[in-house]
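Single-structure report; data block below.
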Amino acid sequence: MKKVIIQFISFLLLFFGMWWGLSFIDWRGVLKVEETSQNIEKELGNFVWESIEQSTTIVDKDEIKLPIDSILQTLCNRNEIDTTTIKLYIIKEKEVNAFALPDGYLILHTGLIEAVDSPEELCGVMAHELAHIKLGHCMDKLIKEVGMGTLAGIISGNGNLSQIVHLLSSTAFSRKAEKEADIQAIRYLLKAGVEAEALASFMRKISTENTKEDAEYWEWFSTHPNAASRATYIIEEAKKLKSAVFKQTPLLHPATWEKMKAVL
């Protein structure tokens, strides 16, 4: 009985000690910092996208936009992601690449769409980039590499915007972030009724194609290193995460896919 009383008193002391300590935290200040960070992310995303938009051609053909938007809708709806938070753009670039920007921008190159062999492979790449967005990797990377002060300066017109564009579109995330995005992408794919083999298949492809004469166009390889080994663990992780009630669901009608590829 004495032991129980002592434990109870210890618990009370710990509880009130934590409450007393938390009372000294400037929660309004903490929330203000969070709000400032979100505002910077929104402004930075818009700023970077406007810079890219001015120097490239946006694809607006319905034969291309609508099928890809349908794939995104499936990914988001099956994973309870608000589609209004994702800004999908397709740009006419021969490099095989896709990348995410702050504030939910998801950018696909036409070179990537030409390189994938199926809607499922494209969905795998999109799921990976979507994971970077939802896990906050874009801002984490920028804050780590250039600092919040520099980012705020860029928004106000004092800074090297081209550096930010390069960091986000042409350099790799950390290995930790890439693995987190791979695993989250697997979850997204399985919930959307897509086998994770689709992502693994594209990983194997970029590791092979990067050795050929047109390797310079495989930008996604340089930003996603160790692709072959990652393909292996993607399959292994999928086996662990796959539900017994998983049901594969076709993403697009074959005719829709073929028509889209034909007009690229």
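Every chain in the structure tokens has a letter given in the order shown (A, B, ...), and although residue numbers restart at 1 in each chain, ligands are simply numbered from 1 in the order shown.
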
Checklist entry - Quick one: residues within 10 Å of region 37-49 of chain A, only C-alpha atoms counted, chain neighbours fewer than 2 positions away excluded, as JSON, numbers by chain? => result {"A": [31, 32, 33, 34, 35, 51, 52, 53, 54, 89, 100, 101, 102, 103, 104, 105, 107, 138, 139, 148, 151, 152, 154, 155, 156, 157, 161, 162, 164, 165, 168]}

Take the residues just selected and output them with N, CA and C atoms as a PDB file, in the first residue's frame.
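Printed below is result-v7.pdb as written:
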ATOM      1  N   LEU A  31       3.200  29.273 -32.166  1.00  0.00           N
ATOM      2  CA  LEU A  31       2.205  29.213 -33.239  1.00  0.00           C
ATOM      3  C   LEU A  31       2.486  30.263 -34.306  1.00  0.00           C
ATOM      4  N   LYS A  32       3.003  31.417 -33.860  1.00  0.00           N
ATOM      5  CA  LYS A  32       3.323  32.474 -34.814  1.00  0.00           C
ATOM      6  C   LYS A  32       4.465  32.045 -35.726  1.00  0.00           C
ATOM      7  N   VAL A  33       5.464  31.349 -35.153  1.00  0.00           N
ATOM      8  CA  VAL A  33       6.579  30.837 -35.955  1.00  0.00           C
ATOM      9  C   VAL A  33       6.074  29.831 -36.978  1.00  0.00           C
ATOM     10  N   GLU A  34       5.160  28.956 -36.537  1.00  0.00           N
ATOM     11  CA  GLU A  34       4.585  27.957 -37.440  1.00  0.00           C
ATOM     12  C   GLU A  34       3.805  28.645 -38.564  1.00  0.00           C
ATOM     13  N   GLU A  35       3.040  29.659 -38.194  1.00  0.00           N
ATOM     14  CA  GLU A  35       2.271  30.394 -39.194  1.00  0.00           C
ATOM     15  C   GLU A  35       3.191  31.098 -40.188  1.00  0.00           C
ATOM     16  N   SER A  51       8.672  31.340 -61.636  1.00  0.00           N
ATOM     17  CA  SER A  51       9.961  31.395 -62.308  1.00  0.00           C
ATOM     18  C   SER A  51      10.078  30.286 -63.352  1.00  0.00           C
ATOM     19  N   ILE A  52       9.636  29.084 -62.983  1.00  0.00           N
ATOM     20  CA  ILE A  52       9.679  27.950 -63.916  1.00  0.00           C
ATOM     21  C   ILE A  52       8.712  28.181 -65.073  1.00  0.00           C
ATOM     22  N   GLU A  53       7.537  28.668 -64.742  1.00  0.00           N
ATOM     23  CA  GLU A  53       6.488  28.888 -65.738  1.00  0.00           C
ATOM     24  C   GLU A  53       6.937  29.843 -66.846  1.00  0.00           C
ATOM     25  N   GLN A  54       7.734  30.836 -66.473  1.00  0.00           N
ATOM     26  CA  GLN A  54       8.189  31.834 -67.440  1.00  0.00           C
ATOM     27  C   GLN A  54       9.230  31.291 -68.421  1.00  0.00           C
ATOM     28  N   TYR A  89       1.185  20.218 -62.564  1.00  0.00           N
ATOM     29  CA  TYR A  89       1.506  20.851 -63.831  1.00  0.00           C
ATOM     30  C   TYR A  89       2.380  19.915 -64.666  1.00  0.00           C
ATOM     31  N   ALA A 100       8.828  17.918 -56.823  1.00  0.00           N
ATOM     32  CA  ALA A 100       7.860  18.620 -55.986  1.00  0.00           C
ATOM     33  C   ALA A 100       8.426  19.971 -55.574  1.00  0.00           C
ATOM     34  N   LEU A 101       7.529  20.939 -55.379  1.00  0.00           N
ATOM     35  CA  LEU A 101       7.898  22.256 -54.891  1.00  0.00           C
ATOM     36  C   LEU A 101       7.131  22.532 -53.598  1.00  0.00           C
ATOM     37  N   PRO A 102       7.573  23.493 -52.828  1.00  0.00           N
ATOM     38  CA  PRO A 102       6.821  23.848 -51.613  1.00  0.00           C
ATOM     39  C   PRO A 102       5.375  24.216 -51.938  1.00  0.00           C
ATOM     40  N   ASP A 103       4.503  24.006 -50.972  1.00  0.00           N
ATOM     41  CA  ASP A 103       3.083  24.346 -51.068  1.00  0.00           C
ATOM     42  C   ASP A 103       2.335  23.477 -52.064  1.00  0.00           C
ATOM     43  N   GLY A 104       2.773  22.228 -52.225  1.00  0.00           N
ATOM     44  CA  GLY A 104       1.969  21.254 -52.950  1.00  0.00           C
ATOM     45  C   GLY A 104       2.080  21.232 -54.454  1.00  0.00           C
ATOM     46  N   TYR A 105       3.130  21.818 -55.020  1.00  0.00           N
ATOM     47  CA  TYR A 105       3.304  21.771 -56.473  1.00  0.00           C
ATOM     48  C   TYR A 105       3.927  20.439 -56.873  1.00  0.00           C
ATOM     49  N   ILE A 107       5.296  18.668 -60.319  1.00  0.00           N
ATOM     50  CA  ILE A 107       5.663  18.980 -61.696  1.00  0.00           C
ATOM     51  C   ILE A 107       6.116  17.714 -62.425  1.00  0.00           C
ATOM     52  N   CYS A 138      10.236  19.097 -48.938  1.00  0.00           N
ATOM     53  CA  CYS A 138      10.732  20.234 -49.733  1.00  0.00           C
ATOM     54  C   CYS A 138      11.248  21.345 -48.823  1.00  0.00           C
ATOM     55  N   MET A 139      10.426  21.757 -47.869  1.00  0.00           N
ATOM     56  CA  MET A 139      10.835  22.831 -46.961  1.00  0.00           C
ATOM     57  C   MET A 139      11.957  22.369 -46.033  1.00  0.00           C
ATOM     58  N   MET A 148      16.128  29.475 -43.289  1.00  0.00           N
ATOM     59  CA  MET A 148      14.849  30.173 -43.364  1.00  0.00           C
ATOM     60  C   MET A 148      15.032  31.652 -43.690  1.00  0.00           C
ATOM     61  N   LEU A 151      15.522  32.078 -47.351  1.00  0.00           N
ATOM     62  CA  LEU A 151      14.257  31.831 -48.061  1.00  0.00           C
ATOM     63  C   LEU A 151      13.344  33.052 -47.967  1.00  0.00           C
ATOM     64  N   ALA A 152      13.277  33.633 -46.771  1.00  0.00           N
ATOM     65  CA  ALA A 152      12.464  34.838 -46.596  1.00  0.00           C
ATOM     66  C   ALA A 152      13.008  35.978 -47.462  1.00  0.00           C
ATOM     67  N   ILE A 154      14.593  35.667 -50.330  1.00  0.00           N
ATOM     68  CA  ILE A 154      14.270  35.388 -51.732  1.00  0.00           C
ATOM     69  C   ILE A 154      12.859  35.869 -52.052  1.00  0.00           C
ATOM     70  N   ILE A 155      11.937  35.624 -51.125  1.00  0.00           N
ATOM     71  CA  ILE A 155      10.559  36.057 -51.334  1.00  0.00           C
ATOM     72  C   ILE A 155      10.478  37.573 -51.462  1.00  0.00           C
ATOM     73  N   SER A 156      11.315  38.268 -50.700  1.00  0.00           N
ATOM     74  CA  SER A 156      11.294  39.733 -50.732  1.00  0.00           C
ATOM     75  C   SER A 156      12.140  40.296 -51.877  1.00  0.00           C
ATOM     76  N   GLY A 157      12.729  39.389 -52.678  1.00  0.00           N
ATOM     77  CA  GLY A 157      13.488  39.832 -53.846  1.00  0.00           C
ATOM     78  C   GLY A 157      14.972  39.929 -53.633  1.00  0.00           C
ATOM     79  N   LEU A 161      17.152  32.954 -56.594  1.00  0.00           N
ATOM     80  CA  LEU A 161      16.021  32.068 -56.846  1.00  0.00           C
ATOM     81  C   LEU A 161      16.422  30.863 -57.679  1.00  0.00           C
ATOM     82  N   SER A 162      17.352  31.037 -58.611  1.00  0.00           N
ATOM     83  CA  SER A 162      17.763  29.924 -59.473  1.00  0.00           C
ATOM     84  C   SER A 162      18.378  28.793 -58.653  1.00  0.00           C
ATOM     85  N   ILE A 164      17.356  27.868 -55.697  1.00  0.00           N
ATOM     86  CA  ILE A 164      16.241  27.135 -55.122  1.00  0.00           C
ATOM     87  C   ILE A 164      15.626  26.214 -56.165  1.00  0.00           C
ATOM     88  N   VAL A 165      15.443  26.714 -57.369  1.00  0.00           N
ATOM     89  CA  VAL A 165      14.891  25.896 -58.456  1.00  0.00           C
ATOM     90  C   VAL A 165      15.785  24.688 -58.705  1.00  0.00           C
ATOM     91  N   LEU A 168      15.576  21.985 -55.893  1.00  0.00           N
ATOM     92  CA  LEU A 168      14.339  21.215 -55.861  1.00  0.00           C
ATOM     93  C   LEU A 168      14.152  20.322 -57.079  1.00  0.00           C
TER      94      LEU A 168
END

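The neighbours of region 62-74 of chain A here are the residues that come within 9 Å of it, using only C-alpha atoms and leaving out any residue fewer than 2 positions away in the same chain; they are Val59, Asp60, Cys76, Asn77, Arg78, Asn79, Thr83, Ile86, Leu88, Tyr89, Ile90, Pro119, Glu120, Leu122, Cys123, Met126, Ala127, Ala192, Leu251, Leu252, Thr256, Trp257, Lys259, Met260, Lys261, Val263 and Leu264 of chain A.
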
Dump as a JSON list (two decimals), in the first residue's frame, selection limited to C-alpha atoms:
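Okay, out_24.json is ready:
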[["chain", "number", "residue", "atom", "x", "y", "z"],
["A", 59, "VAL", "CA", 1.10, 21.33, -71.57],
["A", 60, "ASP", "CA", -2.61, 22.10, -71.68],
["A", 76, "CYS", "CA", -5.54, 11.37, -53.45],
["A", 77, "ASN", "CA", -9.09, 10.11, -52.99],
["A", 78, "ARG", "CA", -8.02, 6.62, -51.92],
["A", 79, "ASN", "CA", -5.56, 8.11, -49.43],
["A", 83, "THR", "CA", -6.85, 17.28, -54.04],
["A", 86, "ILE", "CA", -1.97, 19.56, -54.87],
["A", 88, "LEU", "CA", -0.28, 19.45, -60.78],
["A", 89, "TYR", "CA", 1.51, 20.85, -63.83],
["A", 90, "ILE", "CA", 2.94, 19.14, -66.90],
["A", 119, "PRO", "CA", -0.27, 4.27, -66.08],
["A", 120, "GLU", "CA", 0.86, 2.31, -63.04],
["A", 122, "LEU", "CA", 3.55, 6.89, -63.87],
["A", 123, "CYS", "CA", 1.38, 6.56, -60.77],
["A", 126, "MET", "CA", 3.64, 10.53, -58.81],
["A", 127, "ALA", "CA", 3.06, 8.71, -55.51],
["A", 192, "ALA", "CA", -5.12, 3.11, -54.66],
["A", 251, "LEU", "CA", -6.12, 3.32, -63.51],
["A", 252, "LEU", "CA", -6.95, 4.14, -67.13],
["A", 256, "THR", "CA", -7.04, 6.49, -73.17],
["A", 257, "TRP", "CA", -3.44, 5.72, -72.31],
["A", 259, "LYS", "CA", -4.13, 8.22, -77.12],
["A", 260, "MET", "CA", -2.31, 10.27, -74.49],
["A", 261, "LYS", "CA", 1.07, 8.79, -75.46],
["A", 263, "VAL", "CA", -0.21, 13.18, -78.71],
["A", 264, "LEU", "CA", 2.85, 13.87, -76.55]]

Checklist entry - DSSP says alpha helix (DSSP H) for which residues of region 32-262 of chain A? Put them as number ranges by chain? => result A: 32-54, 62-78, 110-115, 119-134, 137-145, 148-155, 161-170, 175-191, 197-209, 219-223, 227-241, 254-262

Checklist entry - Contacts of region 230-246 of chain A at 8 Å or less, counting only C-alpha atoms, minus same-chain residues fewer than 5 places along, as a PyMOL selection string? => result chain A and resi 182-183+186-187+190-191+193+196-197+199-201+203-204

Export of prior selection with N, CA and C atoms as an mmCIF file, in the first residue's frame:
data_model
loop_
_atom_site.group_PDB
_atom_site.id
_atom_site.type_symbol
_atom_site.label_atom_id
_atom_site.label_comp_id
_atom_site.auth_asym_id
_atom_site.auth_seq_id
_atom_site.Cartn_x
_atom_site.Cartn_y
_atom_site.Cartn_z
ATOM 1 N N ASP A 182 9.711 6.639 -50.391
ATOM 2 C CA ASP A 182 9.476 5.337 -51.019
ATOM 3 C C ASP A 182 8.417 4.548 -50.249
ATOM 4 N N ILE A 183 8.590 4.488 -48.932
ATOM 5 C CA ILE A 183 7.674 3.694 -48.106
ATOM 6 C C ILE A 183 6.272 4.305 -48.100
ATOM 7 N N ILE A 186 4.567 3.520 -51.325
ATOM 8 C CA ILE A 186 4.045 2.149 -51.337
ATOM 9 C C ILE A 186 2.654 2.125 -50.707
ATOM 10 N N ARG A 187 2.505 2.798 -49.576
ATOM 11 C CA ARG A 187 1.203 2.859 -48.896
ATOM 12 C C ARG A 187 0.153 3.516 -49.805
ATOM 13 N N LEU A 190 -0.788 1.043 -52.741
ATOM 14 C CA LEU A 190 -1.604 -0.097 -52.325
ATOM 15 C C LEU A 190 -3.037 0.327 -52.024
ATOM 16 N N LYS A 191 -3.193 1.470 -51.373
ATOM 17 C CA LYS A 191 -4.550 1.960 -51.086
ATOM 18 C C LYS A 191 -5.283 2.349 -52.368
ATOM 19 N N GLY A 193 -5.003 0.716 -55.082
ATOM 20 C CA GLY A 193 -5.200 -0.495 -55.879
ATOM 21 C C GLY A 193 -4.140 -0.703 -56.935
ATOM 22 N N ALA A 196 2.909 -2.177 -55.935
ATOM 23 C CA ALA A 196 4.145 -1.412 -55.734
ATOM 24 C C ALA A 196 5.218 -1.794 -56.743
ATOM 25 N N GLU A 197 5.028 -2.927 -57.403
ATOM 26 C CA GLU A 197 5.944 -3.347 -58.470
ATOM 27 C C GLU A 197 6.066 -2.266 -59.540
ATOM 28 N N LEU A 199 6.311 1.002 -59.136
ATOM 29 C CA LEU A 199 7.387 1.919 -58.756
ATOM 30 C C LEU A 199 8.735 1.225 -58.856
ATOM 31 N N ALA A 200 8.800 -0.017 -58.394
ATOM 32 C CA ALA A 200 10.047 -0.781 -58.461
ATOM 33 C C ALA A 200 10.485 -0.974 -59.908
ATOM 34 N N SER A 201 9.529 -1.206 -60.787
ATOM 35 C CA SER A 201 9.824 -1.400 -62.204
ATOM 36 C C SER A 201 10.483 -0.160 -62.798
ATOM 37 N N MET A 203 12.112 2.122 -61.122
ATOM 38 C CA MET A 203 13.434 2.261 -60.494
ATOM 39 C C MET A 203 14.465 1.409 -61.232
ATOM 40 N N ARG A 204 14.081 0.169 -61.564
ATOM 41 C CA ARG A 204 14.997 -0.703 -62.301
ATOM 42 C C ARG A 204 15.292 -0.136 -63.679
#

Checklist entry - Tell me, which residues of region 54-208 of chain A carry DSSP strand (DSSP E), written as a ChimeraX atom specification? => result /A:87-91,98-101,105-109

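For the atom pair formed by CA of Gln184 (chain A) and CA of Glu80 (chain A), the distance is 13.5 Å, given to one decimal.
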
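Between CA of Tyr188 (chain A) and CA of Leu108 (chain A) the interatomic distance comes to 18.2 Å.
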